[in-house]
$ cat target-v4.tsv   # TSV, C-alpha atoms and all ligand atoms
chain	number	residue	atom	x	y	z
A	1	MET	CA	141.49	76.57	65.80
A	2	VAL	CA	141.25	80.31	65.23
A	3	SER	CA	142.29	82.22	68.35
A	4	ARG	CA	139.63	84.18	70.19
A	5	ALA	CA	139.78	87.94	70.67
A	6	THR	CA	142.19	88.88	73.43
A	7	ARG	CA	139.48	90.94	75.12
A	8	LEU	CA	137.98	87.70	76.37
A	9	ASP	CA	141.15	87.18	78.42
A	10	LYS	CA	140.03	90.17	80.51
A	11	ILE	CA	137.16	88.14	81.93
A	12	PRO	CA	138.28	87.12	85.43
A	13	PRO	CA	138.21	83.47	86.51
A	14	TYR	CA	134.83	82.27	87.72
A	15	LEU	CA	135.13	82.65	91.47
A	16	PHE	CA	132.01	80.69	92.25
A	17	GLY	CA	133.36	77.60	90.45
A	18	GLU	CA	134.58	76.00	93.67
A	19	ILE	CA	131.22	76.48	95.40
A	20	ALA	CA	129.36	75.32	92.27
A	21	ALA	CA	131.44	72.11	92.24
A	22	LYS	CA	130.72	71.51	95.94
A	23	LYS	CA	127.02	72.11	95.31
A	24	ALA	CA	126.97	69.64	92.39
A	25	LYS	CA	128.71	67.03	94.57
A	26	ALA	CA	126.27	67.53	97.46
A	27	VAL	CA	123.27	67.27	95.11
A	28	ALA	CA	124.72	64.12	93.49
A	29	GLU	CA	125.07	62.61	96.96
A	30	GLY	CA	121.39	63.28	97.53
A	31	ARG	CA	121.98	65.83	100.31
A	32	ASP	CA	119.17	68.20	101.23
A	33	LEU	CA	120.59	71.65	100.37
A	34	ILE	CA	118.99	74.92	101.39
A	35	ASP	CA	119.97	77.30	98.62
A	36	PHE	CA	120.58	80.99	99.46
A	37	GLY	CA	122.72	81.33	96.31
A	38	ILE	CA	121.48	82.97	93.14
A	39	GLY	CA	119.21	86.05	93.36
A	40	ASP	CA	116.49	84.72	91.11
A	41	PRO	CA	112.88	84.87	92.36
A	42	ASP	CA	111.63	81.39	93.24
A	43	GLN	CA	107.98	82.40	92.83
A	44	PRO	CA	106.42	82.29	89.35
A	45	THR	CA	105.49	85.36	87.33
A	46	PRO	CA	101.96	86.41	88.36
A	47	GLN	CA	99.39	84.62	86.20
A	48	PRO	CA	97.72	87.80	84.81
A	49	ILE	CA	101.07	88.74	83.21
A	50	VAL	CA	101.37	85.29	81.62
A	51	GLU	CA	97.83	85.69	80.25
A	52	ALA	CA	98.70	89.17	78.92
A	53	LEU	CA	101.62	87.56	77.07
A	54	TYR	CA	99.23	85.15	75.40
A	55	ARG	CA	96.92	87.97	74.33
A	56	ALA	CA	99.85	90.02	73.01
A	57	ALA	CA	101.21	86.98	71.15
A	58	CYS	CA	97.87	86.80	69.34
A	59	GLU	CA	98.41	90.32	67.95
A	60	PRO	CA	100.08	89.72	64.55
A	61	ASP	CA	102.10	92.94	64.65
A	62	THR	CA	104.14	91.45	67.54
A	63	HIS	CA	105.34	88.68	65.19
A	64	ARG	CA	107.43	91.03	63.11
A	65	TYR	CA	110.57	93.10	63.77
A	66	ASP	CA	109.90	95.95	66.15
A	67	GLU	CA	111.22	98.83	64.08
A	68	SER	CA	110.42	101.55	66.59
A	69	PRO	CA	113.49	103.69	67.32
A	70	ALA	CA	113.86	103.15	71.08
A	71	GLY	CA	111.04	100.79	71.99
A	72	ASP	CA	107.47	99.77	71.31
A	73	PRO	CA	105.27	102.81	72.09
A	74	LYS	CA	102.85	100.37	73.74
A	75	PHE	CA	105.67	99.60	76.17
A	76	LEU	CA	107.36	102.99	76.51
A	77	GLY	CA	104.11	104.88	77.17
A	78	PRO	CA	103.08	102.71	80.15
A	79	VAL	CA	106.58	102.50	81.65
A	80	CYS	CA	107.07	106.28	81.43
A	81	SER	CA	103.70	106.76	83.21
A	82	TRP	CA	104.75	104.16	85.80
A	83	PHE	CA	107.99	106.04	86.44
A	84	GLU	CA	106.12	109.30	86.93
A	85	ARG	CA	103.64	107.62	89.31
A	86	GLU	CA	106.40	105.99	91.35
A	87	PHE	CA	108.99	108.76	91.42
A	88	GLY	CA	107.11	111.93	90.50
A	89	VAL	CA	109.39	112.63	87.54
A	90	ALA	CA	107.99	113.10	84.03
A	91	ILE	CA	109.91	111.33	81.27
A	92	ASP	CA	109.84	112.34	77.63
A	93	GLN	CA	109.01	109.06	75.95
A	94	LYS	CA	110.67	110.10	72.69
A	95	THR	CA	114.06	111.17	74.01
A	96	GLU	CA	114.49	110.05	77.61
A	97	ALA	CA	113.39	106.40	77.64
A	98	MET	CA	114.39	103.17	76.03
A	99	GLN	CA	113.42	99.51	76.05
A	100	LEU	CA	116.07	96.93	76.99
A	101	ILE	CA	116.45	93.16	76.78
A	102	GLY	CA	117.01	93.00	80.53
A	103	SER	CA	119.05	95.52	82.47
A	104	LYS	CA	122.23	93.41	82.24
A	105	GLU	CA	122.17	93.96	78.51
A	106	GLY	CA	121.72	97.72	78.90
A	107	LEU	CA	124.46	98.02	81.52
A	108	ALA	CA	126.95	96.00	79.48
A	109	HIS	CA	126.25	97.97	76.34
A	110	LEU	CA	126.59	101.31	78.11
A	111	ALA	CA	130.19	100.34	78.82
A	112	TRP	CA	130.68	99.41	75.15
A	113	ALA	CA	129.02	102.64	74.02
A	114	TYR	CA	131.29	104.88	76.11
A	115	ILE	CA	134.57	103.19	76.90
A	116	ASP	CA	137.56	103.41	74.57
A	117	PRO	CA	140.91	101.81	75.40
A	118	GLY	CA	142.44	103.63	78.36
A	119	ASP	CA	139.19	105.26	79.54
A	120	ILE	CA	138.24	104.93	83.18
A	121	SER	CA	135.07	103.69	84.89
A	122	LEU	CA	134.51	104.45	88.57
A	123	VAL	CA	133.03	101.21	89.87
A	124	PRO	CA	131.79	100.29	93.36
A	125	ASP	CA	133.32	97.32	95.16
A	126	PRO	CA	131.67	94.96	96.10
A	127	ALA	CA	129.38	95.02	93.07
A	128	TYR	CA	127.54	93.15	90.37
A	129	THR	CA	130.43	92.20	88.10
A	130	VAL	CA	128.93	93.44	84.81
A	131	TYR	CA	130.13	97.08	85.22
A	132	ARG	CA	133.73	96.06	85.73
A	133	VAL	CA	134.01	93.22	83.23
A	134	ASN	CA	132.49	95.15	80.32
A	135	THR	CA	134.61	98.22	81.02
A	136	GLN	CA	137.67	95.98	80.88
A	137	MET	CA	136.58	94.07	77.79
A	138	ALA	CA	136.08	97.39	76.02
A	139	GLY	CA	139.73	98.18	76.83
A	140	GLY	CA	139.04	100.51	79.74
A	141	ASP	CA	140.39	100.62	83.28
A	142	VAL	CA	138.47	100.40	86.51
A	143	ALA	CA	138.99	102.67	89.51
A	144	ILE	CA	137.36	101.15	92.56
A	145	MET	CA	135.06	102.99	94.96
A	146	PRO	CA	135.02	100.89	98.16
A	147	LEU	CA	131.61	100.34	99.75
A	148	LEU	CA	132.20	100.18	103.48
A	149	GLU	CA	129.80	99.17	106.20
A	150	GLU	CA	130.61	102.23	108.32
A	151	ARG	CA	129.39	104.47	105.45
A	152	GLY	CA	126.20	102.47	104.93
A	153	PHE	CA	127.82	100.95	101.82
A	154	LEU	CA	127.72	104.31	100.00
A	155	PRO	CA	130.99	105.30	98.27
A	156	ASP	CA	133.03	108.19	99.66
A	157	LEU	CA	133.25	110.48	96.63
A	158	THR	CA	135.66	112.81	98.44
A	159	ALA	CA	138.17	109.92	98.57
A	160	ILE	CA	138.38	109.72	94.75
A	161	PRO	CA	141.60	111.46	93.67
A	162	SER	CA	140.64	114.45	91.50
A	163	GLU	CA	143.07	113.35	88.80
A	164	THR	CA	141.23	110.00	88.54
A	165	ALA	CA	137.84	111.72	88.53
A	166	ARG	CA	138.99	114.11	85.77
A	167	LYS	CA	140.16	111.23	83.60
A	168	ALA	CA	137.09	109.04	84.25
A	169	LYS	CA	134.08	108.90	81.94
A	170	LEU	CA	131.55	106.75	83.78
A	171	LEU	CA	130.49	106.50	87.40
A	172	TRP	CA	128.44	103.40	88.24
A	173	LEU	CA	126.05	103.08	91.15
A	174	ASN	CA	123.58	100.38	92.14
A	175	TYR	CA	120.88	101.14	94.69
A	176	PRO	CA	119.11	99.31	96.17
A	177	ASN	CA	122.38	97.42	96.22
A	178	ASN	CA	123.42	93.95	95.29
A	179	PRO	CA	125.12	92.38	97.26
A	180	THR	CA	124.93	94.55	100.41
A	181	GLY	CA	121.17	95.26	100.47
A	182	ALA	CA	122.00	98.94	101.15
A	183	VAL	CA	119.77	101.78	99.99
A	184	ALA	CA	120.74	105.27	98.87
A	185	THR	CA	119.35	108.55	100.13
A	186	LEU	CA	118.31	111.46	97.96
A	187	ASP	CA	121.05	113.53	99.63
A	188	PHE	CA	123.66	111.02	98.49
A	189	TYR	CA	122.25	111.17	94.96
A	190	ARG	CA	122.43	114.99	95.10
A	191	GLU	CA	126.07	114.82	96.10
A	192	THR	CA	126.80	112.35	93.29
A	193	VAL	CA	125.01	114.43	90.65
A	194	GLU	CA	127.10	117.46	91.75
A	195	PHE	CA	130.27	115.36	91.56
A	196	CYS	CA	129.42	114.11	88.07
A	197	LYS	CA	128.72	117.65	86.90
A	198	GLN	CA	132.00	118.85	88.34
A	199	TYR	CA	134.03	116.15	86.58
A	200	ASP	CA	131.88	115.70	83.46
A	201	LEU	CA	130.97	112.08	84.19
A	202	LEU	CA	128.01	110.00	83.04
A	203	LEU	CA	126.30	108.56	86.10
A	204	ILE	CA	124.81	105.11	85.45
A	205	ASN	CA	122.46	104.06	88.23
A	206	ASP	CA	121.48	100.41	88.19
A	207	ALA	CA	118.08	100.40	89.89
A	208	ALA	CA	117.17	96.79	89.07
A	209	TYR	CA	115.83	96.37	92.62
A	210	SER	CA	113.91	99.66	92.77
A	211	MET	CA	110.62	97.90	93.51
A	212	VAL	CA	111.92	95.25	95.90
A	213	ALA	CA	111.53	97.19	99.15
A	214	PHE	CA	109.90	96.54	102.51
A	215	ASP	CA	108.38	98.17	105.56
A	216	GLY	CA	107.13	101.17	103.58
A	217	HIS	CA	110.60	102.12	102.32
A	218	ARG	CA	110.48	103.78	98.86
A	219	PRO	CA	113.90	103.74	97.19
A	220	PRO	CA	114.53	107.13	95.59
A	221	SER	CA	115.56	107.68	91.96
A	222	VAL	CA	118.61	109.69	91.00
A	223	LEU	CA	116.37	111.43	88.45
A	224	GLN	CA	114.44	113.02	91.34
A	225	VAL	CA	117.47	115.21	91.96
A	226	GLU	CA	117.29	118.58	90.29
A	227	GLY	CA	119.59	118.38	87.28
A	228	GLY	CA	119.74	114.57	87.55
A	229	LYS	CA	118.83	114.17	83.90
A	230	ASP	CA	121.82	116.36	82.95
A	231	VAL	CA	124.24	113.64	84.00
A	232	ALA	CA	122.41	110.40	84.75
A	233	ILE	CA	120.83	107.40	83.11
A	234	GLU	CA	118.95	104.97	85.37
A	235	LEU	CA	118.00	101.38	84.59
A	236	HIS	CA	114.94	99.59	85.96
A	237	SER	CA	113.94	96.00	85.34
A	238	PHE	CA	110.92	93.72	85.35
A	239	SER	CA	113.11	90.80	86.45
A	240	LYS	CA	112.93	91.31	90.19
A	241	MET	CA	109.85	93.54	90.24
A	242	PHE	CA	107.48	90.88	88.87
A	243	ASN	CA	109.48	87.61	89.05
A	244	MET	CA	110.30	87.90	85.35
A	245	THR	CA	114.02	87.15	85.14
A	246	GLY	CA	113.55	84.73	82.25
A	247	TRP	CA	111.48	87.17	80.19
A	248	ARG	CA	114.31	89.66	79.53
A	249	VAL	CA	112.67	93.04	79.70
A	250	ALA	CA	113.88	96.28	81.28
A	251	MET	CA	114.15	100.00	80.55
A	252	ALA	CA	116.46	102.98	80.85
A	253	PHE	CA	115.41	106.54	81.65
A	254	GLY	CA	117.27	109.82	81.82
A	255	ASN	CA	119.83	111.86	79.94
A	256	PRO	CA	118.76	112.11	76.27
A	257	ASP	CA	122.32	112.01	74.97
A	258	ALA	CA	123.05	108.79	76.90
A	259	VAL	CA	119.78	107.25	75.71
A	260	ALA	CA	120.62	108.14	72.08
A	261	THR	CA	124.19	106.84	72.43
A	262	LEU	CA	123.07	103.51	73.84
A	263	ASN	CA	120.40	103.32	71.18
A	264	LYS	CA	122.93	103.95	68.42
A	265	LEU	CA	124.99	100.97	69.55
A	266	LYS	CA	122.02	98.70	70.14
A	267	SER	CA	120.34	99.42	66.84
A	268	ASN	CA	123.38	97.78	65.27
A	269	LEU	CA	123.41	94.83	67.65
A	270	ASP	CA	119.89	93.59	68.33
A	271	SER	CA	116.33	93.97	67.17
A	272	LYS	CA	114.76	94.03	70.65
A	273	GLN	CA	112.94	91.10	72.22
A	274	PHE	CA	109.64	89.55	71.15
A	275	ALA	CA	107.25	92.54	71.25
A	276	ALA	CA	104.62	90.44	73.07
A	277	VAL	CA	107.00	90.23	76.05
A	278	ALA	CA	107.26	94.02	76.17
A	279	ARG	CA	103.47	94.39	75.91
A	280	ALA	CA	102.89	91.89	78.72
A	281	ALA	CA	105.36	93.90	80.82
A	282	ALA	CA	103.40	97.06	80.02
A	283	TYR	CA	100.26	95.27	81.22
A	284	ALA	CA	102.09	94.39	84.45
A	285	VAL	CA	102.92	97.99	85.41
A	286	GLU	CA	99.36	99.04	84.70
A	287	HIS	CA	97.39	96.19	86.31
A	288	VAL	CA	99.47	93.95	88.57
A	289	ASP	CA	101.23	94.24	91.90
A	290	ASN	CA	103.66	91.70	93.26
A	291	LYS	CA	102.81	92.20	96.91
A	292	ALA	CA	102.37	88.49	97.69
A	293	SER	CA	105.97	87.71	96.62
A	294	LEU	CA	107.33	90.71	98.50
A	295	ASP	CA	105.47	89.65	101.65
A	296	LEU	CA	107.03	86.20	101.40
A	297	ILE	CA	110.52	87.65	100.94
A	298	ARG	CA	109.98	89.96	103.91
A	299	MET	CA	108.86	87.02	106.06
A	300	ARG	CA	111.98	85.05	105.12
A	301	ARG	CA	114.14	88.10	105.80
A	302	ASP	CA	112.73	88.44	109.30
A	303	ILE	CA	113.16	84.73	110.09
A	304	LEU	CA	116.74	84.73	108.78
A	305	VAL	CA	117.99	87.99	110.26
A	306	ASP	CA	116.28	87.53	113.63
A	307	GLY	CA	117.49	83.92	113.69
A	308	LEU	CA	121.11	84.78	112.90
A	309	ASN	CA	121.09	87.61	115.41
A	310	GLY	CA	119.76	85.12	117.94
A	311	LEU	CA	122.94	83.13	117.28
A	312	GLY	CA	124.99	86.27	117.98
A	313	TRP	CA	125.91	87.01	114.34
A	314	ASN	CA	125.01	90.74	114.30
A	315	VAL	CA	123.22	91.08	110.95
A	316	THR	CA	121.37	94.15	109.62
A	317	LYS	CA	117.86	93.81	108.17
A	318	PRO	CA	117.88	95.10	104.58
A	319	LYS	CA	115.19	97.63	103.66
A	320	ALA	CA	115.30	96.50	100.05
A	321	THR	CA	116.57	93.75	97.70
A	322	PHE	CA	116.58	89.99	98.29
A	323	TYR	CA	119.97	90.07	99.92
A	324	VAL	CA	121.16	89.65	103.46
A	325	TRP	CA	124.82	90.67	103.64
A	326	VAL	CA	126.35	88.87	106.56
A	327	ARG	CA	129.64	89.74	108.17
A	328	ILE	CA	131.40	86.44	108.84
A	329	PRO	CA	131.29	85.87	112.59
A	330	THR	CA	134.65	84.01	112.61
A	331	GLY	CA	137.95	85.18	111.19
A	332	GLU	CA	137.63	82.86	108.17
A	333	GLY	CA	137.83	83.98	104.56
A	334	SER	CA	134.52	84.06	102.70
A	335	MET	CA	135.40	81.14	100.39
A	336	ALA	CA	136.36	78.91	103.32
A	337	PHE	CA	133.34	79.93	105.40
A	338	ALA	CA	130.88	79.39	102.51
A	339	GLY	CA	132.51	76.00	101.84
A	340	ARG	CA	132.08	75.02	105.48
A	341	LEU	CA	128.40	76.08	105.61
A	342	LEU	CA	127.76	73.93	102.57
A	343	GLU	CA	129.65	70.89	103.81
A	344	GLU	CA	128.63	70.96	107.45
A	345	ALA	CA	125.09	72.37	107.28
A	346	GLY	CA	123.98	71.92	103.67
A	347	VAL	CA	123.40	75.69	103.49
A	348	LEU	CA	124.51	77.31	100.24
A	349	VAL	CA	125.62	80.97	100.35
A	350	ILE	CA	127.76	83.15	98.09
A	351	PRO	CA	131.26	84.17	99.28
A	352	GLY	CA	131.49	87.97	99.37
A	353	VAL	CA	134.89	88.06	97.68
A	354	GLY	CA	133.13	87.04	94.46
A	355	TYR	CA	131.85	90.64	94.27
A	356	GLY	CA	135.25	92.25	94.73
A	357	GLN	CA	138.00	92.64	97.30
A	358	TYR	CA	135.81	94.71	99.65
A	359	GLY	CA	133.33	91.85	99.73
A	360	GLU	CA	135.85	89.74	101.61
A	361	GLY	CA	134.76	89.09	105.18
A	362	TYR	CA	131.09	88.71	104.16
A	363	ILE	CA	128.70	86.19	102.66
A	364	ARG	CA	125.56	87.00	100.68
A	365	MET	CA	122.37	85.09	101.43
A	366	SER	CA	119.61	85.48	98.87
A	367	LEU	CA	116.06	85.20	100.19
A	368	THR	CA	114.84	83.61	96.95
A	369	VAL	CA	114.95	80.15	98.53
A	370	MET	CA	113.59	77.55	96.13
A	371	GLY	CA	111.10	75.17	97.73
A	372	ASP	CA	110.35	77.43	100.70
A	373	ARG	CA	106.58	77.96	101.01
A	374	ALA	CA	106.21	79.97	104.19
A	375	GLY	CA	109.60	80.37	105.78
A	376	GLU	CA	110.01	76.73	106.85
A	377	ARG	CA	113.23	76.16	104.88
A	378	VAL	CA	114.73	79.38	106.23
A	379	THR	CA	113.82	78.32	109.76
A	380	GLU	CA	115.46	74.96	109.09
A	381	ALA	CA	118.62	76.73	107.83
A	382	VAL	CA	118.87	78.79	111.03
A	383	GLN	CA	118.42	75.60	113.04
A	384	ARG	CA	121.21	73.87	111.10
A	385	LEU	CA	123.53	76.85	111.56
A	386	SER	CA	122.81	76.85	115.29
A	387	GLU	CA	124.05	73.27	115.43
A	388	MET	CA	127.34	74.08	113.66
A	389	GLN	CA	130.57	74.69	115.47
A	390	ILE	CA	130.93	78.28	114.24
A	391	ALA	CA	133.69	79.81	116.31
B	1	LIG	C1	122.51	94.61	90.55
B	1	LIG	C2	121.91	93.94	89.38
B	1	LIG	N1	121.72	94.63	88.26
B	1	LIG	C3	121.20	94.07	87.17
B	1	LIG	C4	120.86	92.74	87.15
B	1	LIG	C5	120.36	92.14	85.87
B	1	LIG	O1	119.00	92.03	85.85
B	1	LIG	P1	118.20	91.80	84.50
B	1	LIG	O2	117.50	90.51	84.67
B	1	LIG	O3	117.29	92.99	84.36
B	1	LIG	O4	119.19	91.74	83.38
B	1	LIG	C6	121.05	91.96	88.29
B	1	LIG	C7	120.71	90.53	88.27
B	1	LIG	O5	120.90	89.79	89.20
B	1	LIG	C8	121.59	92.57	89.43
B	1	LIG	O6	121.78	91.90	90.56
$ encode --input "target-v4.tsv" --output "structure tokens"
Amino acid sequence: MVSRATRLDKIPPYLFGEIAAKKAKAVAEGRDLIDFGIGDPDQPTPQPIVEALYRAACEPDTHRYDESPAGDPKFLGPVCSWFEREFGVAIDQKTEAMQLIGSKEGLAHLAWAYIDPGDISLVPDPAYTVYRVNTQMAGGDVAIMPLLEERGFLPDLTAIPSETARKAKLLWLNYPNNPTGAVATLDFYRETVEFCKQYDLLLINDAAYSMVAFDGHRPPSVLQVEGGKDVAIELHSFSKMFNMTGWRVAMAFGNPDAVATLNKLKSNLDSKQFAAVARAAAYAVEHVDNKASLDLIRMRRDILVDGLNGLGWNVTKPKATFYVWVRIPTGEGSMAFAGRLLEEAGVLVIPGVGYGQYGEGYIRMSLTVMGDRAGERVTEAVQRLSEMQIA
């Protein structure tokens, strides 16, 4: 057989394999698992969006290639207006916005568009693995920015050696954050924009969870910072905003040069998604809110966090995202602890080390619990954990 490209060897081993195998075994044995694993909304896409898809699919021009340069104007117009409504920042639809086939695609391709062998990405740890893996597959190196609890899981930019910062090309951020549930402040974004200007870095802010926020919290955008567009591109997604992970639709806003660079790569790779999907998404930002799903997530969050704190676990309530980032209350490693929760309580969680070395000592519990209607499965999970011998 022909050998594969060596870049594929850069993909690290699948750390969740062990947990996945345990899960498969437990399911095969007919055990009743409560699944806090993958961060994929359990609720369906709101019906009006599904109906908008049908209407858009009946428009014959959606059946052909979308040959627009950076996205269907019937998508870009509404999402640029949405961004201005939400964040108070006007976006030039022609030069500062682009349609994506999900934000994962855009993030991965930004690495491919910018990283040559030997180039450096500054990547948070713990983090969504896409920033790191694509930098490495493109031949680049990763310099880690630890996200520590005592700093609210914001990186300490002053700890980055200036030689590393000078050599680096990309600085990746993700707020609201997966896996820690942390949110950024505008002051932190200001500091980061300054840093990126000083060292001539492109700031890529993954804002996939920008609309998953609770208790009146409004996550800021890095583009609200004066001069933000000089250095930053920010990605937003319909996946988590409207329970649309399977639809594959997202967008990038910001620095025109970064938008054009990403577009140059993508126009040689893909021909966008089915235009009806993009038009249904446009309908969503203009006519639909996903408050009912957010209310359910918030209810689960309160049951889980209050319940775990009642057991003495000391867990912080996230202001945004689906994720509760739990410091392991025993001295166990995250793989061992997650394995034990699964075996002894039938509660599936993700070991923090899967997101990087600074994720060790934590587990991530996603509030997208399949089969939970009104918090009853989350309540049951807390009950099961209370019956475990934890210490
Ligand atoms: C931090 C983060 N960014 C991006 C994505 C990808 O989302 P999308 O469905 O828009 O590709 C995810 C998905 O889980 C994520 O957790």
$ closest_atom_pairs --input "target-v4.tsv" --of "chain A" --to "ligand LIG 1 (chain B)" --cutoff "10 Å" --atoms "only C-alpha atoms and all ligand atoms" --output "CSV"
residue,atom,partner,partner_atom,distance
A:Ile38,CA,B:LIG1,O5,7.9
A:Gly39,CA,B:LIG1,O5,5.8
A:Asp40,CA,B:LIG1,O5,7.0
A:Pro41,CA,B:LIG1,O5,9.9
A:Leu100,CA,B:LIG1,O3,8.4
A:Ile101,CA,B:LIG1,O4,7.3
A:Gly102,CA,B:LIG1,O4,3.8
A:Ser103,CA,B:LIG1,O3,3.6
A:Lys104,CA,B:LIG1,O4,3.7
A:Glu105,CA,B:LIG1,O4,6.1
A:Gly106,CA,B:LIG1,O4,7.9
A:Leu107,CA,B:LIG1,C3,7.6
A:Ala108,CA,B:LIG1,O4,9.7
A:Ala127,CA,B:LIG1,C1,7.3
A:Tyr128,CA,B:LIG1,C1,5.2
A:Thr129,CA,B:LIG1,C1,8.6
A:Val130,CA,B:LIG1,N1,8.1
A:Tyr131,CA,B:LIG1,N1,9.3
A:Leu173,CA,B:LIG1,C1,9.2
A:Asn174,CA,B:LIG1,C1,6.1
A:Tyr175,CA,B:LIG1,C1,7.9
A:Pro176,CA,B:LIG1,C1,8.1
A:Asn177,CA,B:LIG1,C1,6.3
A:Asn178,CA,B:LIG1,C1,4.9
A:Pro179,CA,B:LIG1,O6,7.5
A:Asn205,CA,B:LIG1,N1,9.5
A:Asp206,CA,B:LIG1,N1,5.8
A:Ala207,CA,B:LIG1,N1,7.0
A:Ala208,CA,B:LIG1,N1,5.1
A:Tyr209,CA,B:LIG1,C1,7.2
A:Leu235,CA,B:LIG1,C3,8.4
A:His236,CA,B:LIG1,O3,7.2
A:Ser237,CA,B:LIG1,O3,4.6
A:Phe238,CA,B:LIG1,O3,6.5
A:Ser239,CA,B:LIG1,O2,4.7
A:Lys240,CA,B:LIG1,O2,7.2
A:Met241,CA,B:LIG1,O3,9.5
A:Asn243,CA,B:LIG1,O2,9.6
A:Met244,CA,B:LIG1,O2,7.7
A:Thr245,CA,B:LIG1,O2,4.9
A:Gly246,CA,B:LIG1,O2,7.4
A:Trp247,CA,B:LIG1,O2,8.2
A:Arg248,CA,B:LIG1,O2,6.1
A:Val249,CA,B:LIG1,O3,6.6
A:Ala250,CA,B:LIG1,O3,5.7
A:Met251,CA,B:LIG1,O3,8.6
A:Thr321,CA,B:LIG1,O6,9.0
A:Phe322,CA,B:LIG1,O6,9.5
A:Tyr323,CA,B:LIG1,O6,9.7
$ residues_around --input "target-v4.tsv" --residues "range 52-62 of chain A" --least-positions-apart "5" --cutoff "7 Å" --atoms "all atoms listed in the file" --output "list in words"
Phe274, Ala275, Ala276, Val277, Arg279, Ala280 and Tyr283 of chain A
$ residues_near_point --input "target-v4.tsv" --point "(137.4, 89.2, 75.9)" --cutoff "12 Å" --atoms "all atoms listed in the file" --output "list in words"
Ser3, Arg4, Ala5, Thr6, Arg7, Leu8, Asp9, Lys10, Ile11, Pro12, Val133, Asn134, Thr135, Gln136, Met137, Ala138 and Gly139 of chain A
$ closest_atom_pairs --input "target-v4.tsv" --of "range 192-252 of chain A" --to "range 295-305 of chain A" --cutoff "10 Å" --atoms "only C-alpha atoms" --output "JSON lines"
{"residue": "A:Val212", "atom": "CA", "partner": "A:Ile297", "partner_atom": "CA", "distance": 9.2}
{"residue": "A:Ala213", "atom": "CA", "partner": "A:Arg298", "partner_atom": "CA", "distance": 8.8}
{"residue": "A:Phe214", "atom": "CA", "partner": "A:Arg298", "partner_atom": "CA", "distance": 6.7}
{"residue": "A:Asp215", "atom": "CA", "partner": "A:Arg298", "partner_atom": "CA", "distance": 8.5}
$ atom_distance --input "target-v4.tsv" --atom1 "CA of Ala336 in chain A" --atom2 "CA of Glu360 in chain A"
11.0 Å
$ atom_distance --input "target-v4.tsv" --atom1 "CA of His63 in chain A" --atom2 "CA of Leu262 in chain A"
24.7 Å
$ closest_residue --input "target-v4.tsv" --among "A:Val222, A:Ala97, A:Ile144, A:Val324" --to "Arg190 in chain A" --atoms "all atoms listed in the file"
A:Val222
$ closest_residue --input "target-v4.tsv" --among "A:Val315, A:Leu154, A:Ala113, A:Ala184" --to "Met365 in chain A" --atoms "all atoms listed in the file"
A:Val315
$ residues_around --input "target-v4.tsv" --residues "range 347-355 of chain A" --least-positions-apart "3" --cutoff "9 Å" --atoms "all atoms listed in the file" --output "PyMOL selection string"
chain A and resi 14-16+19+23+32-38+125-129+179+325-326+333-344+358-366+381+384-385
$ closest_residue --input "target-v4.tsv" --among "A:Gly228, A:Gly77, A:Gly310, A:Gly181" --to "Val89 in chain A" --atoms "only C-alpha atoms"
A:Gly228
$ atom_distance --input "target-v4.tsv" --atom1 "CA of Leu76 in chain A" --atom2 "CA of Gln93 in chain A"
6.3 Å
$ closest_residue --input "target-v4.tsv" --among "A:Glu149, A:Glu226, A:Asp72, A:Glu163" --to "Leu186 in chain A" --atoms "all atoms listed in the file"
A:Glu226
$ build_atoms --input "target-v4.tsv" --residues "range 75-83 of chain A" --atoms "N, CA and C atoms" --output "PDB file, in the frame of the given file"
ATOM      1  N   PHE A  75     104.868  99.887  74.980  1.00  0.00           N
ATOM      2  CA  PHE A  75     105.670  99.600  76.170  1.00  0.00           C
ATOM      3  C   PHE A  75     106.156 100.912  76.803  1.00  0.00           C
ATOM      4  N   LEU A  76     106.740 101.773  75.961  1.00  0.00           N
ATOM      5  CA  LEU A  76     107.360 102.990  76.510  1.00  0.00           C
ATOM      6  C   LEU A  76     106.339 103.901  77.180  1.00  0.00           C
ATOM      7  N   GLY A  77     105.146 104.009  76.578  1.00  0.00           N
ATOM      8  CA  GLY A  77     104.110 104.880  77.170  1.00  0.00           C
ATOM      9  C   GLY A  77     103.800 104.437  78.601  1.00  0.00           C
ATOM     10  N   PRO A  78     103.384 103.168  78.797  1.00  0.00           N
ATOM     11  CA  PRO A  78     103.080 102.710  80.150  1.00  0.00           C
ATOM     12  C   PRO A  78     104.270 102.777  81.121  1.00  0.00           C
ATOM     13  N   VAL A  79     105.481 102.476  80.669  1.00  0.00           N
ATOM     14  CA  VAL A  79     106.580 102.500  81.650  1.00  0.00           C
ATOM     15  C   VAL A  79     106.960 103.932  82.030  1.00  0.00           C
ATOM     16  N   CYS A  80     106.811 104.876  81.075  1.00  0.00           N
ATOM     17  CA  CYS A  80     107.070 106.280  81.430  1.00  0.00           C
ATOM     18  C   CYS A  80     106.020 106.763  82.441  1.00  0.00           C
ATOM     19  N   SER A  81     104.757 106.370  82.245  1.00  0.00           N
ATOM     20  CA  SER A  81     103.700 106.760  83.210  1.00  0.00           C
ATOM     21  C   SER A  81     103.977 106.108  84.568  1.00  0.00           C
ATOM     22  N   TRP A  82     104.398 104.852  84.542  1.00  0.00           N
ATOM     23  CA  TRP A  82     104.750 104.160  85.800  1.00  0.00           C
ATOM     24  C   TRP A  82     105.846 104.918  86.540  1.00  0.00           C
ATOM     25  N   PHE A  83     106.871 105.345  85.794  1.00  0.00           N
ATOM     26  CA  PHE A  83     107.990 106.040  86.440  1.00  0.00           C
ATOM     27  C   PHE A  83     107.496 107.337  87.097  1.00  0.00           C
TER      28      PHE A  83
END
